[in-house]
Amino acid sequence: MSQVNSYRTGPDEGGHFGIFGGRFVAETLMPLILDVEKAYNDAKNDPGFDQEFRSYLKQYAGRPNPLYFAERLTEHFGGAKVYLKREELNHTGSHKINNVLGQILLARRMGKKRIIAETGAGQHGVAVATVCALFDLPCKIYMGKTDVERQAPNVFRMKLLGAEVEAVTSGSMTLKDAMNEGLRDWVANVEDTFYIIGTVAGPHPYPEMVRDFQCVIGDETKTQIMEAEGRLPDVVTACIGGGSNAMGLFHPFLDDKSVRIIGVEAAGSGIETGEHAASLTGGRPGVLHGNRTYLLQDDDGQITEAHSISAGLDYPGIGPEHSWLKDIGRAEYVSATDAEALEAFQLCSKKEGIIPALESSHALAYVAKLAPSMKKDDIIVACLSGRGDKDVSTVAAHLGVEL
């Protein structure tokens with residue numbers, strides 16, 4: 001495949017990253033999608049919008065967050081230096097607040113009076129409920145019934161913040177089905193409603209827009225690792241469901257050819273069992289939720305159910321830019337099983353005093369494999385996308401502990 005001048009110029013005007021991305025939506029939704037695109041392009045060219053966004057990131061979300069040298073994990077692995085980008089220290093406890101602040105400011109510019117969103121692990125839902133409370137806007141969060149049950153603390157947080165949470169009972173009752181319901185709501189309420197999508201997926205311009213709002217992760221990391229080590233890292237890595245924390249970390253490093261970029265998918269019970277959420281490893285291109293991307297599907301093209309211990313990674317697709325990066329070979333995509341993530345969850349808790357989200361634990365599980373094989377002066381940066389308080393009940397159940 002031919003080499004591009006820069007990996008950071010996409011998407012094209014139609015929202016395509018190579019053969020991926022695009023805008024596959026109902027006819028009734030197309031005018032609103034075009035309105036969102038125009039409003040976002042106008043906002044990007046308005047220094048006042050960026051100033052307001054950066055102000056909220058600093059004053060409300062608490063950025064910049066630290067790039068932490070995980071000395072005990074490094075000593076335990078006996079290889080490369082391990083740094084953790086501490087997104088779990090943001091207000092609301094994950095990287096989701098970065099994107100949500102950007103989109104709520106855009107919704108206000110567009111004069112929208114009602115917000116809807118979907119959520120899996122609840123981190124995006126909590127972030128949306130939070131900014132809706134901040135700006136006094138009503139919001140409705142769609143969440144699969146299975147996720148409502150396994151993420152009860154986050155459901156309660158959303159309700160405390162004033163959001164309406166609707167448990168979705170169709171399909172596998174997880175993130176895919178929540179997003180289906182969100183899109184149905186949007187089609188029926190296009191006049192006054194803004195849909196805050198939580199990841200780098202969906203119809204154009206969402207993959208680009210969410211990526212741009214999340215690039216603060218990689219931009220800060222680049223500055224901080226230069227201050228700490230005087231050079232770029234050898235590896236940057238992050239977990240991938242839809243892929244927003246990963247894309248936010250990866251994108252500023254795409255043109256730095258010395259940096260290996262590694263996304264870690266959820267292998268669930270094991271890729272060979274078919275019970276996993278690794279769409280890049282075990283899927284093929286298709287169309288879902290308004291974009292063309294790698295998807296888990298059967299021989300007839302029907303979407304198959306994803307499986308992961310982590311609600312935030314339990315999705316049968318992935319952002320289209322990740323699909324493009326895989327096919328052109330700029331990024332590597334590997335996987336970690338539920339068991340490996342559980343082990344990494346406990347290891348990080350005991351060695352660093354940091355309880356990571358189960359999502360982030362997948363990235364840490366791959367760091368545990370990679371770091372020992374690298375030299376002691378090599379550097380790995382892993383994104384700690386969220387905190388694990390929300391996962392304590394799930395982990396306890398898997399470990400046979402009764403709370």
# chains A, B, ... in the order shown; residues from 1 in each chain; ligands from 1
>>> closest_atom_pairs(of="stretch 84-187 of chain A", to="stretch 30-53 of chain A", cutoff="10 Å", atoms="only C-alpha atoms", output="CSV")
residue,atom,partner,partner_atom,distance
A:Asn98,CA,A:Phe53,CA,9.0
A:Asn99,CA,A:Phe53,CA,9.8
A:Leu101,CA,A:Phe53,CA,6.9
A:Gly102,CA,A:Phe53,CA,6.1
A:Gln103,CA,A:Tyr40,CA,9.1
A:Ile104,CA,A:Phe53,CA,9.9
A:Leu105,CA,A:Phe53,CA,7.5
A:Leu106,CA,A:Tyr40,CA,7.0
A:Ala107,CA,A:Val36,CA,8.6
A:Arg109,CA,A:Ala39,CA,7.8
A:Met110,CA,A:Ala39,CA,7.0
A:Trp186,CA,A:Leu32,CA,9.4
A:Val187,CA,A:Leu32,CA,9.2
>>> select_by_dssp(residues="stretch 206-340 of chain A", states="strand (DSSP E)", output="PyMOL selection string")
chain A and resi 235-239+260-268+284-288+291-295+332-337
>>> residues_around(residues="A:Met179", least_positions_apart="3", cutoff="9 Å", atoms="only C-alpha atoms", output="PyMOL selection string")
chain A and resi 117-119+142-143+174-176+182-184+197+289
>>> select_by_dssp(residues="stretch 123-359 of chain A", states="alpha helix (DSSP H)", output="mmCIF file with N, CA and C atoms, in the first residue's frame")
data_model
loop_
_atom_site.group_PDB
_atom_site.id
_atom_site.type_symbol
_atom_site.label_atom_id
_atom_site.label_comp_id
_atom_site.auth_asym_id
_atom_site.auth_seq_id
_atom_site.Cartn_x
_atom_site.Cartn_y
_atom_site.Cartn_z
ATOM 1 N N GLN A 123 -19.421 5.266 31.960
ATOM 2 C CA GLN A 123 -18.507 6.399 32.084
ATOM 3 C C GLN A 123 -18.936 7.552 31.169
ATOM 4 N N HIS A 124 -19.315 7.225 29.931
ATOM 5 C CA HIS A 124 -19.793 8.266 29.022
ATOM 6 C C HIS A 124 -21.131 8.830 29.520
ATOM 7 N N GLY A 125 -21.997 7.954 30.010
ATOM 8 C CA GLY A 125 -23.290 8.419 30.509
ATOM 9 C C GLY A 125 -23.139 9.366 31.689
ATOM 10 N N VAL A 126 -22.239 9.042 32.601
ATOM 11 C CA VAL A 126 -22.001 9.924 33.755
ATOM 12 C C VAL A 126 -21.441 11.275 33.289
ATOM 13 N N ALA A 127 -20.529 11.234 32.318
ATOM 14 C CA ALA A 127 -19.957 12.487 31.813
ATOM 15 C C ALA A 127 -21.030 13.344 31.154
ATOM 16 N N VAL A 128 -21.924 12.718 30.371
ATOM 17 C CA VAL A 128 -22.999 13.476 29.713
ATOM 18 C C VAL A 128 -23.963 14.043 30.763
ATOM 19 N N ALA A 129 -24.351 13.215 31.720
ATOM 20 C CA ALA A 129 -25.259 13.689 32.773
ATOM 21 C C ALA A 129 -24.639 14.864 33.536
ATOM 22 N N THR A 130 -23.339 14.796 33.721
ATOM 23 C CA THR A 130 -22.631 15.855 34.454
ATOM 24 C C THR A 130 -22.690 17.191 33.720
ATOM 25 N N VAL A 131 -22.374 17.186 32.427
ATOM 26 C CA VAL A 131 -22.366 18.462 31.702
ATOM 27 C C VAL A 131 -23.788 18.971 31.471
ATOM 28 N N CYS A 132 -24.757 18.062 31.399
ATOM 29 C CA CYS A 132 -26.151 18.507 31.277
ATOM 30 C C CYS A 132 -26.603 19.186 32.571
ATOM 31 N N ALA A 133 -26.144 18.662 33.713
ATOM 32 C CA ALA A 133 -26.430 19.355 34.977
ATOM 33 C C ALA A 133 -25.755 20.723 34.990
ATOM 34 N N LEU A 134 -24.506 20.758 34.524
ATOM 35 C CA LEU A 134 -23.744 22.012 34.510
ATOM 36 C C LEU A 134 -24.433 23.078 33.677
ATOM 37 N N LYS A 145 -29.852 -3.222 29.236
ATOM 38 C CA LYS A 145 -30.283 -3.725 30.545
ATOM 39 C C LYS A 145 -29.161 -4.520 31.229
ATOM 40 N N THR A 146 -28.400 -5.281 30.434
ATOM 41 C CA THR A 146 -27.287 -6.044 31.019
ATOM 42 C C THR A 146 -26.275 -5.104 31.666
ATOM 43 N N ASP A 147 -25.993 -3.996 30.984
ATOM 44 C CA ASP A 147 -25.022 -3.031 31.517
ATOM 45 C C ASP A 147 -25.603 -2.275 32.717
ATOM 46 N N VAL A 148 -26.927 -2.022 32.703
ATOM 47 C CA VAL A 148 -27.566 -1.375 33.852
ATOM 48 C C VAL A 148 -27.333 -2.210 35.111
ATOM 49 N N GLU A 149 -27.420 -3.533 34.939
ATOM 50 C CA GLU A 149 -27.263 -4.423 36.099
ATOM 51 C C GLU A 149 -25.805 -4.518 36.545
ATOM 52 N N ARG A 150 -24.846 -4.556 35.577
ATOM 53 C CA ARG A 150 -23.455 -4.743 35.992
ATOM 54 C C ARG A 150 -22.738 -3.436 36.311
ATOM 55 N N ALA A 152 -24.365 -0.791 38.187
ATOM 56 C CA ALA A 152 -25.376 -0.114 39.001
ATOM 57 C C ALA A 152 -24.890 1.196 39.636
ATOM 58 N N PRO A 153 -23.659 1.269 40.155
ATOM 59 C CA PRO A 153 -23.226 2.551 40.753
ATOM 60 C C PRO A 153 -23.249 3.711 39.759
ATOM 61 N N ASN A 154 -22.843 3.448 38.511
ATOM 62 C CA ASN A 154 -22.864 4.527 37.516
ATOM 63 C C ASN A 154 -24.292 4.911 37.126
ATOM 64 N N VAL A 155 -25.208 3.949 37.119
ATOM 65 C CA VAL A 155 -26.618 4.258 36.842
ATOM 66 C C VAL A 155 -27.143 5.199 37.929
ATOM 67 N N PHE A 156 -26.819 4.908 39.181
ATOM 68 C CA PHE A 156 -27.257 5.768 40.281
ATOM 69 C C PHE A 156 -26.650 7.166 40.165
ATOM 70 N N ARG A 157 -25.359 7.232 39.758
ATOM 71 C CA ARG A 157 -24.720 8.546 39.588
ATOM 72 C C ARG A 157 -25.449 9.364 38.523
ATOM 73 N N MET A 158 -25.772 8.727 37.411
ATOM 74 C CA MET A 158 -26.473 9.459 36.338
ATOM 75 C C MET A 158 -27.799 10.017 36.835
ATOM 76 N N LYS A 159 -28.526 9.202 37.587
ATOM 77 C CA LYS A 159 -29.829 9.654 38.097
ATOM 78 C C LYS A 159 -29.652 10.768 39.125
ATOM 79 N N LEU A 160 -28.623 10.653 39.971
ATOM 80 C CA LEU A 160 -28.344 11.723 40.939
ATOM 81 C C LEU A 160 -28.095 13.059 40.230
ATOM 82 N N LEU A 175 -24.100 -2.289 24.685
ATOM 83 C CA LEU A 175 -23.814 -0.980 24.082
ATOM 84 C C LEU A 175 -24.367 -0.840 22.662
ATOM 85 N N LYS A 176 -24.238 -1.891 21.843
ATOM 86 C CA LYS A 176 -24.753 -1.837 20.465
ATOM 87 C C LYS A 176 -26.238 -1.486 20.460
ATOM 88 N N ASP A 177 -27.002 -2.131 21.330
ATOM 89 C CA ASP A 177 -28.443 -1.941 21.364
ATOM 90 C C ASP A 177 -28.804 -0.560 21.925
ATOM 91 N N ALA A 178 -27.996 -0.076 22.867
ATOM 92 C CA ALA A 178 -28.204 1.277 23.398
ATOM 93 C C ALA A 178 -28.007 2.317 22.296
ATOM 94 N N MET A 179 -26.992 2.096 21.450
ATOM 95 C CA MET A 179 -26.738 3.046 20.360
ATOM 96 C C MET A 179 -27.857 2.989 19.318
ATOM 97 N N ASN A 180 -28.396 1.793 19.060
ATOM 98 C CA ASN A 180 -29.541 1.678 18.154
ATOM 99 C C ASN A 180 -30.692 2.547 18.653
ATOM 100 N N GLU A 181 -30.999 2.454 19.948
ATOM 101 C CA GLU A 181 -32.110 3.220 20.505
ATOM 102 C C GLU A 181 -31.831 4.718 20.481
ATOM 103 N N GLY A 182 -30.579 5.092 20.711
ATOM 104 C CA GLY A 182 -30.227 6.507 20.643
ATOM 105 C C GLY A 182 -30.471 7.076 19.255
ATOM 106 N N LEU A 183 -30.077 6.314 18.225
ATOM 107 C CA LEU A 183 -30.281 6.787 16.848
ATOM 108 C C LEU A 183 -31.769 6.862 16.517
ATOM 109 N N ARG A 184 -32.578 5.902 17.028
ATOM 110 C CA ARG A 184 -34.030 5.952 16.782
ATOM 111 C C ARG A 184 -34.637 7.195 17.423
ATOM 112 N N ASP A 185 -34.215 7.503 18.638
ATOM 113 C CA ASP A 185 -34.702 8.703 19.335
ATOM 114 C C ASP A 185 -34.359 9.944 18.532
ATOM 115 N N TRP A 186 -33.118 9.983 18.007
ATOM 116 C CA TRP A 186 -32.652 11.172 17.289
ATOM 117 C C TRP A 186 -33.479 11.401 16.016
ATOM 118 N N VAL A 187 -33.763 10.312 15.298
ATOM 119 C CA VAL A 187 -34.570 10.426 14.077
ATOM 120 C C VAL A 187 -35.944 11.016 14.398
ATOM 121 N N ALA A 188 -36.498 10.644 15.557
ATOM 122 C CA ALA A 188 -37.846 11.083 15.929
ATOM 123 C C ALA A 188 -37.862 12.484 16.529
ATOM 124 N N TYR A 206 -18.856 12.564 13.335
ATOM 125 C CA TYR A 206 -18.565 12.150 14.710
ATOM 126 C C TYR A 206 -17.170 11.532 14.897
ATOM 127 N N PRO A 207 -16.731 10.577 14.041
ATOM 128 C CA PRO A 207 -15.391 10.005 14.290
ATOM 129 C C PRO A 207 -14.286 11.063 14.320
ATOM 130 N N GLU A 208 -14.389 12.045 13.433
ATOM 131 C CA GLU A 208 -13.390 13.119 13.403
ATOM 132 C C GLU A 208 -13.542 14.042 14.617
ATOM 133 N N MET A 209 -14.783 14.390 14.916
ATOM 134 C CA MET A 209 -15.044 15.350 15.984
ATOM 135 C C MET A 209 -14.622 14.788 17.352
ATOM 136 N N VAL A 210 -15.025 13.551 17.636
ATOM 137 C CA VAL A 210 -14.662 12.938 18.921
ATOM 138 C C VAL A 210 -13.138 12.793 19.015
ATOM 139 N N ARG A 211 -12.512 12.375 17.915
ATOM 140 C CA ARG A 211 -11.043 12.267 17.889
ATOM 141 C C ARG A 211 -10.389 13.601 18.234
ATOM 142 N N ASP A 212 -10.863 14.658 17.600
ATOM 143 C CA ASP A 212 -10.252 15.972 17.832
ATOM 144 C C ASP A 212 -10.387 16.397 19.297
ATOM 145 N N PHE A 213 -11.547 16.154 19.888
ATOM 146 C CA PHE A 213 -11.728 16.532 21.296
ATOM 147 C C PHE A 213 -10.856 15.668 22.219
ATOM 148 N N GLN A 214 -10.601 14.423 21.818
ATOM 149 C CA GLN A 214 -9.800 13.520 22.663
ATOM 150 C C GLN A 214 -8.298 13.662 22.439
ATOM 151 N N VAL A 216 -6.399 15.832 23.137
ATOM 152 C CA VAL A 216 -5.738 16.454 24.284
ATOM 153 C C VAL A 216 -4.927 15.407 25.060
ATOM 154 N N ILE A 217 -5.360 14.138 25.012
ATOM 155 C CA ILE A 217 -4.630 13.069 25.728
ATOM 156 C C ILE A 217 -3.225 12.917 25.139
ATOM 157 N N GLY A 218 -3.150 12.769 23.825
ATOM 158 C CA GLY A 218 -1.849 12.566 23.186
ATOM 159 C C GLY A 218 -0.992 13.830 23.179
ATOM 160 N N ASP A 219 -1.647 14.983 23.005
ATOM 161 C CA ASP A 219 -0.894 16.242 23.003
ATOM 162 C C ASP A 219 -0.188 16.447 24.344
ATOM 163 N N GLU A 220 -0.933 16.238 25.439
ATOM 164 C CA GLU A 220 -0.318 16.389 26.772
ATOM 165 C C GLU A 220 0.778 15.348 26.990
ATOM 166 N N THR A 221 0.511 14.115 26.567
ATOM 167 C CA THR A 221 1.492 13.040 26.756
ATOM 168 C C THR A 221 2.814 13.384 26.076
ATOM 169 N N LYS A 222 2.714 13.924 24.872
ATOM 170 C CA LYS A 222 3.912 14.263 24.114
ATOM 171 C C LYS A 222 4.749 15.300 24.862
ATOM 172 N N THR A 223 4.091 16.333 25.352
ATOM 173 C CA THR A 223 4.783 17.371 26.109
ATOM 174 C C THR A 223 5.384 16.802 27.388
ATOM 175 N N GLN A 224 4.602 15.984 28.100
ATOM 176 C CA GLN A 224 5.035 15.482 29.405
ATOM 177 C C GLN A 224 6.178 14.479 29.301
ATOM 178 N N ILE A 225 6.162 13.611 28.268
ATOM 179 C CA ILE A 225 7.247 12.626 28.160
ATOM 180 C C ILE A 225 8.532 13.337 27.718
ATOM 181 N N MET A 226 8.418 14.404 26.932
ATOM 182 C CA MET A 226 9.610 15.167 26.556
ATOM 183 C C MET A 226 10.209 15.818 27.796
ATOM 184 N N GLU A 227 9.357 16.320 28.701
ATOM 185 C CA GLU A 227 9.844 16.926 29.949
ATOM 186 C C GLU A 227 10.489 15.871 30.854
ATOM 187 N N ALA A 228 9.901 14.676 30.902
ATOM 188 C CA ALA A 228 10.377 13.642 31.822
ATOM 189 C C ALA A 228 11.604 12.900 31.292
ATOM 190 N N GLU A 229 11.622 12.605 29.975
ATOM 191 C CA GLU A 229 12.658 11.730 29.423
ATOM 192 C C GLU A 229 13.473 12.392 28.321
ATOM 193 N N SER A 244 -12.091 5.522 21.543
ATOM 194 C CA SER A 244 -11.883 6.971 21.689
ATOM 195 C C SER A 244 -10.652 7.331 22.512
ATOM 196 N N ASN A 245 -10.401 6.595 23.625
ATOM 197 C CA ASN A 245 -9.200 6.970 24.409
ATOM 198 C C ASN A 245 -7.954 6.620 23.616
ATOM 199 N N ALA A 246 -8.018 5.495 22.867
ATOM 200 C CA ALA A 246 -6.873 5.094 22.053
ATOM 201 C C ALA A 246 -6.602 6.114 20.955
ATOM 202 N N MET A 247 -7.651 6.533 20.250
ATOM 203 C CA MET A 247 -7.424 7.487 19.170
ATOM 204 C C MET A 247 -6.911 8.816 19.713
ATOM 205 N N GLY A 248 -7.421 9.219 20.883
ATOM 206 C CA GLY A 248 -6.943 10.458 21.487
ATOM 207 C C GLY A 248 -5.474 10.407 21.823
ATOM 208 N N LEU A 249 -4.987 9.259 22.302
ATOM 209 C CA LEU A 249 -3.565 9.093 22.601
ATOM 210 C C LEU A 249 -2.758 8.922 21.322
ATOM 211 N N PHE A 250 -3.261 8.113 20.377
ATOM 212 C CA PHE A 250 -2.471 7.736 19.207
ATOM 213 C C PHE A 250 -2.270 8.883 18.219
ATOM 214 N N SER A 279 -13.160 -6.843 17.114
ATOM 215 C CA SER A 279 -13.685 -6.697 15.748
ATOM 216 C C SER A 279 -12.575 -6.591 14.710
ATOM 217 N N LEU A 280 -11.419 -6.032 15.067
ATOM 218 C CA LEU A 280 -10.322 -5.948 14.099
ATOM 219 C C LEU A 280 -9.635 -7.294 13.915
ATOM 220 N N THR A 281 -9.541 -8.052 14.987
ATOM 221 C CA THR A 281 -8.899 -9.362 14.917
ATOM 222 C C THR A 281 -9.834 -10.412 14.338
ATOM 223 N N GLY A 282 -11.094 -10.370 14.724
ATOM 224 C CA GLY A 282 -12.018 -11.434 14.341
ATOM 225 C C GLY A 282 -13.171 -10.999 13.464
ATOM 226 N N PRO A 320 -13.908 3.936 12.558
ATOM 227 C CA PRO A 320 -13.384 3.677 11.206
ATOM 228 C C PRO A 320 -11.925 4.074 11.014
ATOM 229 N N GLU A 321 -11.434 5.070 11.761
ATOM 230 C CA GLU A 321 -10.035 5.460 11.582
ATOM 231 C C GLU A 321 -9.107 4.351 12.070
ATOM 232 N N HIS A 322 -9.522 3.627 13.118
ATOM 233 C CA HIS A 322 -8.726 2.477 13.565
ATOM 234 C C HIS A 322 -8.674 1.419 12.464
ATOM 235 N N SER A 323 -9.817 1.198 11.791
ATOM 236 C CA SER A 323 -9.842 0.201 10.709
ATOM 237 C C SER A 323 -8.847 0.584 9.619
ATOM 238 N N TRP A 324 -8.813 1.865 9.301
ATOM 239 C CA TRP A 324 -7.882 2.350 8.282
ATOM 240 C C TRP A 324 -6.430 2.184 8.735
ATOM 241 N N LEU A 325 -6.136 2.546 9.984
ATOM 242 C CA LEU A 325 -4.772 2.425 10.501
ATOM 243 C C LEU A 325 -4.311 0.969 10.528
ATOM 244 N N LYS A 326 -5.249 0.073 10.795
ATOM 245 C CA LYS A 326 -4.899 -1.359 10.751
ATOM 246 C C LYS A 326 -4.533 -1.758 9.326
ATOM 247 N N ASP A 327 -5.389 -1.394 8.367
ATOM 248 C CA ASP A 327 -5.164 -1.866 6.993
ATOM 249 C C ASP A 327 -3.912 -1.270 6.360
ATOM 250 N N ILE A 328 -3.568 -0.019 6.703
ATOM 251 C CA ILE A 328 -2.349 0.568 6.126
ATOM 252 C C ILE A 328 -1.113 0.203 6.942
ATOM 253 N N ASP A 338 -10.391 -11.810 29.066
ATOM 254 C CA ASP A 338 -10.980 -11.415 30.354
ATOM 255 C C ASP A 338 -10.046 -11.781 31.509
ATOM 256 N N ALA A 339 -9.515 -13.010 31.460
ATOM 257 C CA ALA A 339 -8.656 -13.490 32.551
ATOM 258 C C ALA A 339 -7.390 -12.635 32.659
ATOM 259 N N GLU A 340 -6.805 -12.285 31.523
ATOM 260 C CA GLU A 340 -5.594 -11.458 31.543
ATOM 261 C C GLU A 340 -5.894 -10.055 32.065
ATOM 262 N N ALA A 341 -7.061 -9.520 31.708
ATOM 263 C CA ALA A 341 -7.440 -8.195 32.205
ATOM 264 C C ALA A 341 -7.682 -8.220 33.712
ATOM 265 N N LEU A 342 -8.321 -9.290 34.191
ATOM 266 C CA LEU A 342 -8.548 -9.427 35.639
ATOM 267 C C LEU A 342 -7.222 -9.472 36.401
ATOM 268 N N GLU A 343 -6.253 -10.185 35.843
ATOM 269 C CA GLU A 343 -4.944 -10.281 36.482
ATOM 270 C C GLU A 343 -4.259 -8.914 36.515
ATOM 271 N N ALA A 344 -4.339 -8.184 35.399
ATOM 272 C CA ALA A 344 -3.725 -6.855 35.341
ATOM 273 C C ALA A 344 -4.426 -5.880 36.279
ATOM 274 N N PHE A 345 -5.744 -6.017 36.406
ATOM 275 C CA PHE A 345 -6.543 -5.180 37.319
ATOM 276 C C PHE A 345 -5.996 -5.313 38.745
ATOM 277 N N GLN A 346 -5.775 -6.564 39.156
ATOM 278 C CA GLN A 346 -5.290 -6.811 40.529
ATOM 279 C C GLN A 346 -3.839 -6.381 40.685
ATOM 280 N N LEU A 347 -3.027 -6.620 39.653
ATOM 281 C CA LEU A 347 -1.607 -6.284 39.732
ATOM 282 C C LEU A 347 -1.404 -4.772 39.879
ATOM 283 N N CYS A 348 -2.099 -3.997 39.071
ATOM 284 C CA CYS A 348 -1.953 -2.533 39.143
ATOM 285 C C CYS A 348 -2.437 -2.013 40.498
ATOM 286 N N SER A 349 -3.527 -2.613 40.992
ATOM 287 C CA SER A 349 -4.049 -2.193 42.301
ATOM 288 C C SER A 349 -3.018 -2.422 43.399
ATOM 289 N N LYS A 350 -2.377 -3.605 43.386
ATOM 290 C CA LYS A 350 -1.460 -3.963 44.463
ATOM 291 C C LYS A 350 -0.091 -3.302 44.328
ATOM 292 N N LYS A 351 0.364 -3.111 43.101
ATOM 293 C CA LYS A 351 1.708 -2.559 42.898
ATOM 294 C C LYS A 351 1.742 -1.040 42.906
ATOM 295 N N GLU A 352 0.676 -0.387 42.427
ATOM 296 C CA GLU A 352 0.718 1.062 42.297
ATOM 297 C C GLU A 352 -0.310 1.793 43.162
ATOM 298 N N LEU A 358 -11.719 -1.824 34.226
ATOM 299 C CA LEU A 358 -11.507 -3.092 33.510
ATOM 300 C C LEU A 358 -11.138 -2.836 32.053
ATOM 301 N N GLU A 359 -11.672 -1.738 31.484
ATOM 302 C CA GLU A 359 -11.311 -1.405 30.107
ATOM 303 C C GLU A 359 -9.797 -1.194 30.019
#
>>> closest_residue(among="A:Ile354, A:Gly283, A:Ile196, A:Ala201", to="A:Asp299", atoms="only C-alpha atoms")
A:Gly283
>>> closest_residue(among="A:Ala70, A:Leu288, A:Leu84, A:Leu137", to="A:Ala163", atoms="only C-alpha atoms")
A:Leu137
>>> closest_residue(among="A:Ser335, A:Ser385, A:Asn291, A:Ser310", to="A:His95", atoms="only C-alpha atoms")
A:Ser385
>>> closest_residue(among="A:Asp377, A:Glu272, A:Asp298, A:Glu13", to="A:Thr337", atoms="only C-alpha atoms")
A:Glu272
>>> atom_distance(atom1="atom CA of A:Ile303", atom2="atom CA of A:Gly286")
9.1 Å
>>> atom_distance(atom1="atom CA of A:Ala61", atom2="atom CA of A:Thr92")
8.0 Å
>>> atom_distance(atom1="atom CA of A:Ala267", atom2="atom CA of A:Ile240")
10.8 Å
>>> residues_around(residues="A:Gly301", least_positions_apart="6", cutoff="10 Å", atoms="only C-alpha atoms", output="list in words")
Arg284, Pro285, Gly286, Val287 and Leu295 of chain A
>>> write_last_selection(atoms="N, CA and C atoms", output="PDB file, in the first residue's frame")
ATOM      1  N   ARG A 284     -14.799  -8.341   9.966  1.00  0.00           N
ATOM      2  CA  ARG A 284     -14.508  -7.921   8.596  1.00  0.00           C
ATOM      3  C   ARG A 284     -15.340  -6.687   8.292  1.00  0.00           C
ATOM      4  N   PRO A 285     -15.013  -5.928   7.236  1.00  0.00           N
ATOM      5  CA  PRO A 285     -15.707  -4.665   6.973  1.00  0.00           C
ATOM      6  C   PRO A 285     -17.203  -4.832   6.703  1.00  0.00           C
ATOM      7  N   GLY A 286     -17.966  -3.898   7.226  1.00  0.00           N
ATOM      8  CA  GLY A 286     -19.413  -3.854   7.028  1.00  0.00           C
ATOM      9  C   GLY A 286     -19.920  -2.496   7.491  1.00  0.00           C
ATOM     10  N   VAL A 287     -21.239  -2.320   7.533  1.00  0.00           N
ATOM     11  CA  VAL A 287     -21.819  -1.024   7.913  1.00  0.00           C
ATOM     12  C   VAL A 287     -22.677  -1.188   9.165  1.00  0.00           C
ATOM     13  N   LEU A 295     -16.408  -5.133  11.636  1.00  0.00           N
ATOM     14  CA  LEU A 295     -17.510  -5.539  12.502  1.00  0.00           C
ATOM     15  C   LEU A 295     -17.482  -7.040  12.731  1.00  0.00           C
TER      16      LEU A 295
END
>>> residues_around(residues="A:Arg330", least_positions_apart="2", cutoff="12 Å", atoms="only C-alpha atoms", output="ChimeraX atom specification")
/A:1-4,6-8,250-251,253-263,321-328,332-333
>>> write_last_selection(atoms="C-alpha atoms", output="short mmCIF file (atom, residue, chain, number, x, y, z; two decimals), in the first residue's frame")
data_model
loop_
_atom_site.label_atom_id
_atom_site.label_comp_id
_atom_site.auth_asym_id
_atom_site.auth_seq_id
_atom_site.Cartn_x
_atom_site.Cartn_y
_atom_site.Cartn_z
CA MET A 1 0.00 0.00 0.00
CA SER A 2 1.35 3.48 -0.90
CA GLN A 3 2.79 5.69 1.85
CA VAL A 4 0.83 8.82 2.79
CA SER A 6 0.76 12.46 6.86
CA TYR A 7 -1.44 10.05 8.77
CA ARG A 8 -3.27 12.97 10.40
CA PHE A 250 -2.47 7.74 19.21
CA HIS A 251 -3.33 10.55 16.80
CA PHE A 253 1.96 10.33 17.46
CA LEU A 254 0.85 9.03 14.04
CA ASP A 255 3.55 10.89 12.11
CA ASP A 256 6.31 10.01 14.60
CA LYS A 257 7.57 6.89 12.85
CA SER A 258 9.81 5.80 15.72
CA VAL A 259 6.77 5.30 17.97
CA ARG A 260 5.00 1.93 17.86
CA ILE A 261 1.25 2.32 18.24
CA ILE A 262 -0.60 -0.64 19.75
CA GLY A 263 -4.35 -0.96 20.39
CA GLU A 321 -10.04 5.46 11.58
CA HIS A 322 -8.73 2.48 13.57
CA SER A 323 -9.84 0.20 10.71
CA TRP A 324 -7.88 2.35 8.28
CA LEU A 325 -4.77 2.43 10.50
CA LYS A 326 -4.90 -1.36 10.75
CA ASP A 327 -5.16 -1.87 6.99
CA ILE A 328 -2.35 0.57 6.13
CA GLU A 332 -0.84 -2.71 15.49
CA TYR A 333 -3.88 -4.30 17.05
#
>>> closest_residue(among="A:Ile97, A:Leu89, A:Ala382, A:Val235", to="A:Ser360", atoms="only C-alpha atoms")
A:Ala382
